[in-house]
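J.: Dumping the structure here so I can ask a few things about it.
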Amino acid sequence: MGDRTTRPISKISRKYTFIILAVLSGIVGSIWIAIDTYTSEAIISNEYAFAIQSMIIGIIVSILFVLILWIPISKKPFEQYLEKIRKKRIDSQDGDNAQLSLTKSETKKTKRKYSFLGQWIDPQFNGIRIPSKKMFLWLGFSGLFSGINTVVYFILIKRMDISVFLPISQFVVVYLLIGDLIIEKSAPAAVEIQSIIMIVLGVILAAIDFTNTGSLNWLNLILVFLVLNVSAAIYVIFQKKAISTKDQKGRTLDSTNVRLWTLLFMAVFTIIFSLPFMDGAGWLLFKQTFQKALFPIALSMLLVFISRIFYVRALSMGKMSIVNSLSSVSVIVGIPITVICSLIWPEYFLAVTGELAWLIWMLRGIGVILVFSGIVGLSLSEVKIMILAKIKAGEVCDIAKIKGISSVEKVSAITGKYDLMIILRSRTIGRGYQPIVDQMASLPCLDVIVSSSILKEWNA
């Protein structure tokens, strides 16, 4: 049994903890979009003024939230500071005493206890960190495309309801899949084609509205498919780069710092992109509504921050495919949220009415289920493959080349009959064996002896 003292949710197993976190990230995402929709309709009608307000308030709220997460809840941070002072003194001592002192210091770290309040949400959080130059590069690019995505987001939430917006925003999955296929120079597998068709058909059905001049005109179609989802896909690519980049000490940024620095860049670019569309009336509305919009915007931006932490935290505990499937529950949650909000605030959330309302809601429900099923089908087709290999006698094997092969997740040296254990992760079985046949066979140092698909894994 795992040590529950190192978990944010102490009485729940690791498996169910990551499921809860992934689902919560999707549900919270639906809630913050509902709050933004209310704010844009009830308080501030200018989407560009709304975007600038959100970024200014969001930066303030996020920094305050991170400072709260940085509150020490044990003596460990102070002990670590004193330990740094001791290490400086150790440098003047002889080597044996220094080694003894360091050994004692390492022994104290075997029993992990949370040092800061934020480690209950993200155990890797250890305060605000300054990213390295390379991290700044990837965070800057992710902030740039997130800024583009954010401006379009504020435009679209005024033009369509949540039950339509959430399914079409999931179309980014299709772009990411197509991008992978282009990079890998391979044809799509049957399950990938099936999933793409389900997602596309689901988006079309979810957007149908016979009673409203509504949801998707030509301009909205361009914004949705060529700007919103494309920028989201590029943002994901750069965000992955930022998360995987290590500094000079071999450390990666935790999810809290990744979100904080991405938000800072995103806010700058969002404001820059919104300024050309602001006129005198927009700035007047900005000033008049700032105080009134402060609470809903602060609440929305706080939920965005928490949702992103939940998502990245879930990724560290389970497979990315399963996490993505669970978080896509937001497309289903969008329908009841739309109905509930239309009952509470009918003047701001316009529900579909009329003789054909039942047909529209039925088509919308089918569309949402198709989008969700397509994402789940695509994600759950992922396989993990274990390869046991021998190194040929007299050959020197370049491990970096093996790790550079597409889909390779881990390379380990082992004892016994085989020399290496290589773990691959791929979307389908057929695609998983492609790097084995084509790329590993081209390495002169390897004799690939056994390859097996991993059917099930058990976590502590």
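Convention: chains lettered A, B, ... in structure tokens order; per-chain residue numbering from 1; ligands numbered from 1 as shown.
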Can you list, as a list in words, every residue of region 221-417 of chain A that DSSP puts in strand (DSSP E or B)?
T.: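 Checking each residue of region 221-417 of chain A, the strand (DSSP E or B) ones are Val383, Lys384, Ile385, Met386, Ile387, Leu388, Ala389, Lys390, Ile391, Val408, Glu409, Lys410, Val411, Ser412 and Ala413 of chain A.
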J.: Kindly export the residues of the current selection with N, CA and C atoms, as a PDB file, in the first residue's frame.
T.:
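Result file is part_26.pdb:
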```
ATOM      1  N   VAL A 383      -1.745   1.991 -26.455  1.00  0.00           N
ATOM      2  CA  VAL A 383      -1.139   0.761 -25.951  1.00  0.00           C
ATOM      3  C   VAL A 383       0.258   1.054 -25.432  1.00  0.00           C
ATOM      4  N   LYS A 384       0.699   0.184 -24.530  1.00  0.00           N
ATOM      5  CA  LYS A 384       2.046   0.276 -23.990  1.00  0.00           C
ATOM      6  C   LYS A 384       2.749  -1.043 -24.309  1.00  0.00           C
ATOM      7  N   ILE A 385       3.959  -0.952 -24.856  1.00  0.00           N
ATOM      8  CA  ILE A 385       4.673  -2.126 -25.342  1.00  0.00           C
ATOM      9  C   ILE A 385       6.016  -2.238 -24.629  1.00  0.00           C
ATOM     10  N   MET A 386       6.358  -3.451 -24.206  1.00  0.00           N
ATOM     11  CA  MET A 386       7.638  -3.701 -23.565  1.00  0.00           C
ATOM     12  C   MET A 386       8.522  -4.515 -24.504  1.00  0.00           C
ATOM     13  N   ILE A 387       9.745  -4.046 -24.697  1.00  0.00           N
ATOM     14  CA  ILE A 387      10.709  -4.747 -25.548  1.00  0.00           C
ATOM     15  C   ILE A 387      11.897  -5.153 -24.696  1.00  0.00           C
ATOM     16  N   LEU A 388      12.272  -6.427 -24.787  1.00  0.00           N
ATOM     17  CA  LEU A 388      13.489  -6.923 -24.145  1.00  0.00           C
ATOM     18  C   LEU A 388      14.515  -7.163 -25.241  1.00  0.00           C
ATOM     19  N   ALA A 389      15.680  -6.538 -25.126  1.00  0.00           N
ATOM     20  CA  ALA A 389      16.671  -6.583 -26.201  1.00  0.00           C
ATOM     21  C   ALA A 389      18.049  -6.925 -25.674  1.00  0.00           C
ATOM     22  N   LYS A 390      18.839  -7.537 -26.543  1.00  0.00           N
ATOM     23  CA  LYS A 390      20.246  -7.823 -26.263  1.00  0.00           C
ATOM     24  C   LYS A 390      21.118  -6.843 -27.033  1.00  0.00           C
ATOM     25  N   ILE A 391      22.254  -6.525 -26.454  1.00  0.00           N
ATOM     26  CA  ILE A 391      23.253  -5.728 -27.161  1.00  0.00           C
ATOM     27  C   ILE A 391      24.266  -6.694 -27.776  1.00  0.00           C
ATOM     28  N   VAL A 408       9.122   5.974 -27.859  1.00  0.00           N
ATOM     29  CA  VAL A 408       9.897   5.394 -26.760  1.00  0.00           C
ATOM     30  C   VAL A 408       9.715   6.248 -25.510  1.00  0.00           C
ATOM     31  N   GLU A 409       9.291   5.614 -24.435  1.00  0.00           N
ATOM     32  CA  GLU A 409       9.026   6.321 -23.182  1.00  0.00           C
ATOM     33  C   GLU A 409      10.142   6.153 -22.167  1.00  0.00           C
ATOM     34  N   LYS A 410      10.751   4.961 -22.124  1.00  0.00           N
ATOM     35  CA  LYS A 410      11.771   4.691 -21.116  1.00  0.00           C
ATOM     36  C   LYS A 410      12.710   3.611 -21.625  1.00  0.00           C
ATOM     37  N   VAL A 411      13.995   3.743 -21.285  1.00  0.00           N
ATOM     38  CA  VAL A 411      14.995   2.725 -21.595  1.00  0.00           C
ATOM     39  C   VAL A 411      15.716   2.383 -20.292  1.00  0.00           C
ATOM     40  N   SER A 412      15.765   1.088 -19.954  1.00  0.00           N
ATOM     41  CA  SER A 412      16.387   0.660 -18.695  1.00  0.00           C
ATOM     42  C   SER A 412      17.376  -0.465 -18.964  1.00  0.00           C
ATOM     43  N   ALA A 413      18.508  -0.434 -18.256  1.00  0.00           N
ATOM     44  CA  ALA A 413      19.473  -1.539 -18.299  1.00  0.00           C
ATOM     45  C   ALA A 413      19.046  -2.578 -17.269  1.00  0.00           C
TER      46      ALA A 413
END
```
J.: Of the candidates A:Ile309, A:Arg425, A:Phe116, A:Ala207, which one gets nearest to Ile366 (chain A) if we count only C-alpha atoms?
T.: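 Closest candidate: A:Ala207.
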J.: Which residue is closest to Ser255 (chain A)? Choose from A:Trp218, A:Trp70, A:Phe310, A:Phe238 and count only C-alpha atoms.
T.: A:Phe310
J.: Here is a test: counting only C-alpha atoms, which residue of A:Gly367, A:Pro296, A:Pro276, A:Pro346 is nearest to Asp36 (chain A)?
T.: A:Pro296
J.: Using only C-alpha atoms, which residue out of A:Thr338, A:Asn126, A:Ser307, A:Ser146 lies closest to Leu263 (chain A)?
T.: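 Closest to Leu263 (chain A), using only C-alpha atoms: A:Ser146.
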J.: For Ala51 (chain A), list every protein, DNA or RNA residue within 9 Å, evaluated using only C-alpha atoms, and leave out those in the same chain fewer than 3 positions away; present the list as a ChimeraX atom specification.
T.: /A:46-48,54-56,150-151,154,267,270-271,274
J.: May I ask which of the residues A:Val174, A:Leu139, A:Ile422, A:Ala233 is the closest one to Ile199 (chain A), counting only C-alpha atoms?
T.: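 Smallest distance to Ile199 (chain A) is found for A:Val174.
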J.: Between A:Val224, A:Ile375, A:Leu285, A:Leu363, single out the one closest to Leu326 (chain A), counting only C-alpha atoms.
T.: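 When distances to Leu326 (chain A) are compared using only C-alpha atoms, the smallest one comes from A:Ile375.
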J.: Apply DSSP to the backbone of this structure and, from region 294-447 of chain A, keep only the residues in alpha helix (DSSP H); write these as a PyMOL selection string.
T.: chain A and resi 294-315+320-327+330-344+357-380+399-403+429-438
J.: In Å, rounded to a single decimal, give me how far CA of Phe145 (chain A) is from CA of Met266 (chain A).
T.: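 We find that CA of Met266 (chain A) and CA of Phe145 (chain A) lie 7.8 Å from each other.
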